[in-house]
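S.K.: Contents are mmCIF, C-alpha atoms and all ligand atoms; chains and numbers go by the auth columns; file name structure.cif:
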data_work
loop_
_atom_site.group_PDB
_atom_site.id
_atom_site.type_symbol
_atom_site.label_atom_id
_atom_site.label_comp_id
_atom_site.label_asym_id
_atom_site.label_seq_id
_atom_site.Cartn_x
_atom_site.Cartn_y
_atom_site.Cartn_z
_atom_site.B_iso_or_equiv
_atom_site.auth_seq_id
_atom_site.auth_asym_id
ATOM 1 C CA MET A 1 0.000 0.000 0.000 0.00 162 A
ATOM 2 C CA ARG A 2 1.229 3.476 -0.835 0.00 163 A
ATOM 3 C CA GLY A 3 3.126 5.185 1.965 0.00 164 A
ATOM 4 C CA GLU A 4 3.689 2.004 3.975 0.00 165 A
ATOM 5 C CA ALA A 5 7.235 0.702 4.019 0.00 166 A
ATOM 6 C CA GLU A 6 7.882 -3.013 4.025 0.00 167 A
ATOM 7 C CA HIS A 7 10.093 -4.144 6.870 0.00 168 A
ATOM 8 C CA ARG A 8 12.026 -7.399 6.854 0.00 169 A
ATOM 9 C CA VAL A 9 14.321 -8.818 9.520 0.00 170 A
ATOM 10 C CA LEU A 10 17.445 -10.377 8.029 0.00 171 A
ATOM 11 C CA LYS A 11 19.805 -12.735 9.822 0.00 172 A
ATOM 12 C CA VAL A 12 23.391 -11.746 9.102 0.00 173 A
ATOM 13 C CA ASP A 13 26.784 -12.804 10.372 0.00 174 A
ATOM 14 C CA SER A 14 28.106 -9.295 10.648 0.00 175 A
ATOM 15 C CA VAL A 15 27.449 -5.705 9.670 0.00 176 A
ATOM 16 C CA VAL A 16 30.298 -3.728 8.163 0.00 177 A
ATOM 17 C CA ALA A 17 30.045 0.021 8.728 0.00 178 A
ATOM 18 C CA ALA A 18 32.114 1.699 6.033 0.00 179 A
ATOM 19 C CA LEU A 19 32.931 4.801 8.053 0.00 180 A
ATOM 20 C CA GLY A 20 36.111 6.645 7.422 0.00 181 A
ATOM 21 C CA PHE A 21 37.792 9.911 8.193 0.00 182 A
ATOM 22 C CA VAL A 22 40.226 10.078 5.289 0.00 183 A
ATOM 23 C CA SER A 23 38.860 10.082 1.745 0.00 184 A
ATOM 24 C CA ASN A 24 40.684 8.319 -1.034 0.00 185 A
ATOM 25 C CA LEU A 25 39.834 9.336 -4.600 0.00 186 A
ATOM 26 C CA GLY A 26 41.369 6.236 -6.101 0.00 187 A
ATOM 27 C CA PRO A 27 41.200 6.315 -9.927 0.00 188 A
ATOM 28 C CA LEU A 28 39.241 9.600 -9.865 0.00 189 A
ATOM 29 C CA ALA A 29 42.490 11.349 -9.011 0.00 190 A
ATOM 30 C CA GLU A 30 43.630 10.562 -12.559 0.00 191 A
ATOM 31 C CA TRP A 31 40.557 11.961 -14.336 0.00 192 A
ATOM 32 C CA GLY A 32 41.970 15.471 -14.664 0.00 193 A
ATOM 33 C CA LEU A 33 39.430 16.981 -12.273 0.00 194 A
ATOM 34 C CA GLU A 34 40.479 20.054 -10.335 0.00 195 A
ATOM 35 C CA LEU A 35 41.110 18.863 -6.809 0.00 196 A
ATOM 36 C CA ASN A 36 41.508 20.595 -3.487 0.00 197 A
ATOM 37 C CA ARG A 37 43.628 18.199 -1.489 0.00 198 A
ATOM 38 C CA ARG A 38 41.558 14.984 -1.576 0.00 199 A
ATOM 39 C CA SER A 39 38.286 16.638 -2.651 0.00 200 A
ATOM 40 C CA ILE A 40 36.777 17.409 -6.068 0.00 201 A
ATOM 41 C CA VAL A 41 36.188 21.093 -6.764 0.00 202 A
ATOM 42 C CA VAL A 42 32.636 21.820 -7.991 0.00 203 A
ATOM 43 C CA ASP A 43 30.626 24.953 -8.807 0.00 204 A
ATOM 44 C CA THR A 44 27.103 25.794 -7.610 0.00 205 A
ATOM 45 C CA ARG A 45 25.635 23.373 -10.190 0.00 206 A
ATOM 46 C CA MET A 46 27.871 20.613 -8.798 0.00 207 A
ATOM 47 C CA ARG A 47 29.833 20.610 -12.038 0.00 208 A
ATOM 48 C CA THR A 48 33.425 19.547 -11.863 0.00 209 A
ATOM 49 C CA THR A 49 36.028 21.157 -14.082 0.00 210 A
ATOM 50 C CA VAL A 50 35.654 18.279 -16.556 0.00 211 A
ATOM 51 C CA ASP A 51 32.800 18.738 -19.029 0.00 212 A
ATOM 52 C CA ARG A 52 29.631 16.812 -18.116 0.00 213 A
ATOM 53 C CA VAL A 53 31.136 15.300 -14.984 0.00 214 A
ATOM 54 C CA PHE A 54 29.161 16.198 -11.882 0.00 215 A
ATOM 55 C CA ALA A 55 29.918 15.300 -8.278 0.00 216 A
ATOM 56 C CA ALA A 56 28.048 15.438 -4.972 0.00 217 A
ATOM 57 C CA GLY A 57 28.566 14.506 -1.362 0.00 218 A
ATOM 58 C CA ASP A 58 31.530 14.465 0.937 0.00 219 A
ATOM 59 C CA VAL A 59 33.937 14.076 -1.966 0.00 220 A
ATOM 60 C CA THR A 60 33.184 17.589 -3.240 0.00 221 A
ATOM 61 C CA ASP A 61 34.620 20.896 -2.166 0.00 222 A
ATOM 62 C CA TYR A 62 33.572 24.539 -2.498 0.00 223 A
ATOM 63 C CA PRO A 63 33.737 27.559 -0.205 0.00 224 A
ATOM 64 C CA GLY A 64 31.617 26.958 2.887 0.00 225 A
ATOM 65 C CA LYS A 65 31.286 23.207 2.337 0.00 226 A
ATOM 66 C CA VAL A 66 29.673 21.353 5.259 0.00 227 A
ATOM 67 C CA ARG A 67 30.087 17.576 5.255 0.00 228 A
ATOM 68 C CA LEU A 68 26.725 16.295 6.532 0.00 229 A
ATOM 69 C CA MET A 69 24.265 13.768 5.126 0.00 230 A
ATOM 70 C CA SER A 70 21.519 16.329 4.473 0.00 231 A
ATOM 71 C CA VAL A 71 23.947 18.496 2.516 0.00 232 A
ATOM 72 C CA GLY A 72 24.894 15.543 0.328 0.00 233 A
ATOM 73 C CA PHE A 73 21.241 14.738 -0.427 0.00 234 A
ATOM 74 C CA GLY A 74 20.685 18.312 -1.588 0.00 235 A
ATOM 75 C CA GLU A 75 23.832 18.284 -3.665 0.00 236 A
ATOM 76 C CA VAL A 76 22.724 15.126 -5.460 0.00 237 A
ATOM 77 C CA ALA A 77 19.419 16.761 -6.401 0.00 238 A
ATOM 78 C CA THR A 78 21.298 19.793 -7.664 0.00 239 A
ATOM 79 C CA ALA A 79 23.757 17.673 -9.629 0.00 240 A
ATOM 80 C CA VAL A 80 21.141 15.386 -11.205 0.00 241 A
ATOM 81 C CA ASN A 81 18.802 18.182 -12.253 0.00 242 A
ATOM 82 C CA ASN A 82 21.614 20.255 -13.719 0.00 243 A
ATOM 83 C CA ALA A 83 22.990 17.215 -15.535 0.00 244 A
ATOM 84 C CA ALA A 84 19.524 16.480 -16.958 0.00 245 A
ATOM 85 C CA VAL A 85 19.198 19.994 -18.379 0.00 246 A
ATOM 86 C CA GLU A 86 22.684 19.821 -19.806 0.00 247 A
ATOM 87 C CA LEU A 87 21.829 16.575 -21.588 0.00 248 A
ATOM 88 C CA ASP A 88 18.401 17.798 -22.707 0.00 249 A
ATOM 89 C CA PRO A 89 18.021 21.603 -22.849 0.00 250 A
ATOM 90 C CA GLU A 90 14.270 21.123 -23.369 0.00 251 A
ATOM 91 C CA LEU A 91 13.970 20.133 -19.717 0.00 252 A
ATOM 92 C CA THR A 92 13.478 22.715 -17.014 0.00 253 A
ATOM 93 C CA LEU A 93 15.934 22.866 -14.164 0.00 254 A
ATOM 94 C CA PHE A 94 13.210 22.536 -11.556 0.00 255 A
ATOM 95 C CA PRO A 95 11.633 19.073 -11.942 0.00 256 A
ATOM 96 C CA GLY A 96 8.519 19.866 -9.888 0.00 257 A
ATOM 97 C CA HIS A 97 7.310 18.496 -6.574 0.00 258 A
ATOM 98 C CA SER A 98 6.327 14.847 -6.214 0.00 259 A
ATOM 99 C CA THR A 99 3.499 16.011 -3.927 0.00 260 A
ATOM 100 C CA GLU A 100 1.912 17.857 -6.846 0.00 261 A
ATOM 101 C CA ARG A 101 1.652 14.727 -8.993 0.00 262 A
ATOM 102 C CA SER A 102 -1.509 12.660 -8.981 0.00 263 A
HETATM 103 C C1 LIG B . 32.336 9.078 12.244 0.00 301 B
HETATM 104 C C2 LIG B . 31.398 9.917 11.424 0.00 301 B
HETATM 105 C C3 LIG B . 30.199 10.337 11.975 0.00 301 B
HETATM 106 C C4 LIG B . 29.318 11.122 11.240 0.00 301 B
HETATM 107 N N1 LIG B . 28.143 11.527 11.817 0.00 301 B
HETATM 108 C C5 LIG B . 27.263 12.257 11.104 0.00 301 B
HETATM 109 C C6 LIG B . 26.036 12.685 11.677 0.00 301 B
HETATM 110 O O1 LIG B . 25.732 12.406 12.841 0.00 301 B
HETATM 111 N N2 LIG B . 25.188 13.411 10.908 0.00 301 B
HETATM 112 C C7 LIG B . 25.479 13.740 9.604 0.00 301 B
HETATM 113 O O2 LIG B . 24.661 14.374 8.935 0.00 301 B
HETATM 114 N N3 LIG B . 26.650 13.357 9.050 0.00 301 B
HETATM 115 C C8 LIG B . 27.553 12.645 9.773 0.00 301 B
HETATM 116 N N4 LIG B . 28.733 12.262 9.207 0.00 301 B
HETATM 117 C C9 LIG B . 28.991 12.660 7.823 0.00 301 B
HETATM 118 C C10 LIG B . 28.251 11.740 6.882 0.00 301 B
HETATM 119 O O3 LIG B . 28.584 10.402 7.194 0.00 301 B
HETATM 120 C C11 LIG B . 28.677 12.099 5.464 0.00 301 B
HETATM 121 O O4 LIG B . 28.388 13.456 5.202 0.00 301 B
HETATM 122 C C12 LIG B . 27.930 11.242 4.443 0.00 301 B
HETATM 123 O O5 LIG B . 28.086 9.871 4.721 0.00 301 B
HETATM 124 C C13 LIG B . 28.480 11.546 3.044 0.00 301 B
HETATM 125 O O6 LIG B . 27.837 10.714 2.128 0.00 301 B
HETATM 126 P P1 LIG B . 28.509 10.404 0.760 0.00 301 B
HETATM 127 O O7 LIG B . 27.570 9.487 0.050 0.00 301 B
HETATM 128 O O8 LIG B . 28.918 11.664 0.100 0.00 301 B
HETATM 129 O O9 LIG B . 29.873 9.655 1.106 0.00 301 B
HETATM 130 P P2 LIG B . 30.087 8.263 1.842 0.00 301 B
HETATM 131 O O10 LIG B . 28.974 7.984 2.804 0.00 301 B
HETATM 132 O O11 LIG B . 31.477 8.321 2.358 0.00 301 B
HETATM 133 O O12 LIG B . 29.953 7.201 0.690 0.00 301 B
HETATM 134 C C14 LIG B . 30.961 7.033 -0.260 0.00 301 B
HETATM 135 C C15 LIG B . 30.962 5.564 -0.630 0.00 301 B
HETATM 136 O O13 LIG B . 31.821 5.377 -1.744 0.00 301 B
HETATM 137 C C16 LIG B . 32.584 4.210 -1.533 0.00 301 B
HETATM 138 N N5 LIG B . 33.813 4.331 -2.320 0.00 301 B
HETATM 139 C C17 LIG B . 34.903 5.061 -2.059 0.00 301 B
HETATM 140 N N6 LIG B . 35.824 4.921 -3.019 0.00 301 B
HETATM 141 C C18 LIG B . 35.287 4.081 -3.933 0.00 301 B
HETATM 142 C C19 LIG B . 35.745 3.541 -5.169 0.00 301 B
HETATM 143 N N7 LIG B . 36.955 3.837 -5.672 0.00 301 B
HETATM 144 N N8 LIG B . 34.926 2.712 -5.827 0.00 301 B
HETATM 145 C C20 LIG B . 33.699 2.407 -5.353 0.00 301 B
HETATM 146 N N9 LIG B . 33.215 2.891 -4.182 0.00 301 B
HETATM 147 C C21 LIG B . 33.998 3.707 -3.491 0.00 301 B
HETATM 148 C C22 LIG B . 32.822 4.189 -0.032 0.00 301 B
HETATM 149 O O14 LIG B . 33.115 2.880 0.405 0.00 301 B
HETATM 150 C C23 LIG B . 31.474 4.671 0.492 0.00 301 B
HETATM 151 O O15 LIG B . 30.579 3.616 0.677 0.00 301 B
HETATM 152 C C24 LIG B . 29.633 11.493 9.928 0.00 301 B
HETATM 153 C C25 LIG B . 30.838 11.057 9.372 0.00 301 B
HETATM 154 C C26 LIG B . 31.724 10.292 10.104 0.00 301 B
HETATM 155 C C27 LIG B . 33.013 9.836 9.482 0.00 301 B
#
Now that the file is in, can you turn its structure into structure tokens?
M.R.:
Amino acid sequence: MRGEAEHRVLKVDSVVAALGFVSNLGPLAEWGLELNRRSIVVDTRMRTTVDRVFAAGDVTDYPGKVRLMSVGFGEVATAVNNAAVELDPELTLFPGHSTERS
């Protein structure tokens, strides 16, 4: 039913929490992106310095960056919507509200 989440209890041997304090760009460091130490520099559209490559989340850097989950969620929305318009200029940057759809 709409709005009700399904919950399942899973038996597992262990849970691995992938928490870390030091980021590692791995192969991304070789992509030619402008970096600030171990972070990827983006503009307000979450564009990197490489054409059509967007980034979001803790890995990004810009003045005033705050590394929190809620910030990353917002950055993803910004990145995806800007990428969509770049791929299809017929689209509008603002995708609308899901609450306004029937
Ligand atoms: C100890 C700790 C406590 C925190 N507490 C809070 C809190 O209370 N509230 C809050 O809002 N924020 C908190 N944060 C910050 C929050 O965890 C981050 O802002 C958020 O997780 C960033 O999400 P992300 O998806 O950008 O990056 P991540 O959550 O780091 O996800 C990146 C993922 O990419 C994977 N990855 C990395 N390199 C590669 C590769 N080469 N190939 C494939 N996968 C790769 C990593 O394994 C990881 O799973 C905390 C952070 C830490 C470290």
S.K.: Apply the PyMOL selection byres (((chain A and resi 182-195) around 12) and not hetatm) to the file shown and report the selected residues as a ChimeraX atom specification.
M.R.: /A:179-181,196-204,208-216,218-223,228
S.K.: Would you mind reading off the distance between atom O7 of ligand LIG 301 (chain B) and CA of Met207 in chain A, one decimal, in Å?
M.R.: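 About the pair atom O7 of ligand LIG 301 (chain B) and CA of Met207 in chain A: they are 14.2 Å apart.
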S.K.: Compare A:Thr253, A:Lys226, A:Asn242, A:Arg206 by their minimum atom-to-atom distance to ligand LIG 301 (chain B), counting only C-alpha atoms and all ligand atoms, and give me the closest one.
M.R.: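 Using only C-alpha atoms and all ligand atoms, ligand LIG 301 (chain B) sits closest to A:Lys226.
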S.K.: For a quick check of understanding, using all atoms listed in the file, which of A:Ala240, A:Ala245, A:Ala217, A:Leu252 has the smallest distance to ligand LIG 301 (chain B)?
M.R.: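 So, comparing all the options, the nearest one is A:Ala217.
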S.K.: Could you state the separation of atom C25 of ligand LIG 301 (chain B) and CA of Phe255 in chain A in Å, given to one decimal place?
M.R.: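 Distance reported for this atom pair: 29.7 Å.
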S.K.: Go ahead and fit an axis-aligned box to every listed atom of ligand LIG 301 (chain B) plus 5 Å each side, and pass me the centre and edge lengths in Å, one decimal, as JSON.
M.R.:
{"center_x": 30.8, "center_y": 8.4, "center_z": 3.5, "size_x": 22.3, "size_y": 22.0, "size_z": 28.7}
S.K.: Measuring between all atoms listed in the file, which one of A:Ser175, A:Ser231, A:Thr239, A:Thr260 shows the shortest distance to ligand LIG 301 (chain B)?
M.R.: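 That would be A:Ser231, the residue with the smallest distance to ligand LIG 301 (chain B).
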S.K.: Please compute the CA of Val241 in chain A-CA of Leu254 in chain A distance, one decimal, in Å.
M.R.: 9.6 Å
S.K.: So which one's closest to ligand LIG 301 (chain B), A:Leu229, A:Ala166, A:Val173, A:Ala178? Using all atoms listed in the file, please.
M.R.: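 Closest to ligand LIG 301 (chain B), using all atoms listed in the file: A:Leu229.
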S.K.: Out of A:Val176, A:Ser263, A:Gly257, A:Val170, which residue has the shortest atom-to-atom distance to Ala238 in chain A when counting all atoms listed in the file?
M.R.: A:Gly257
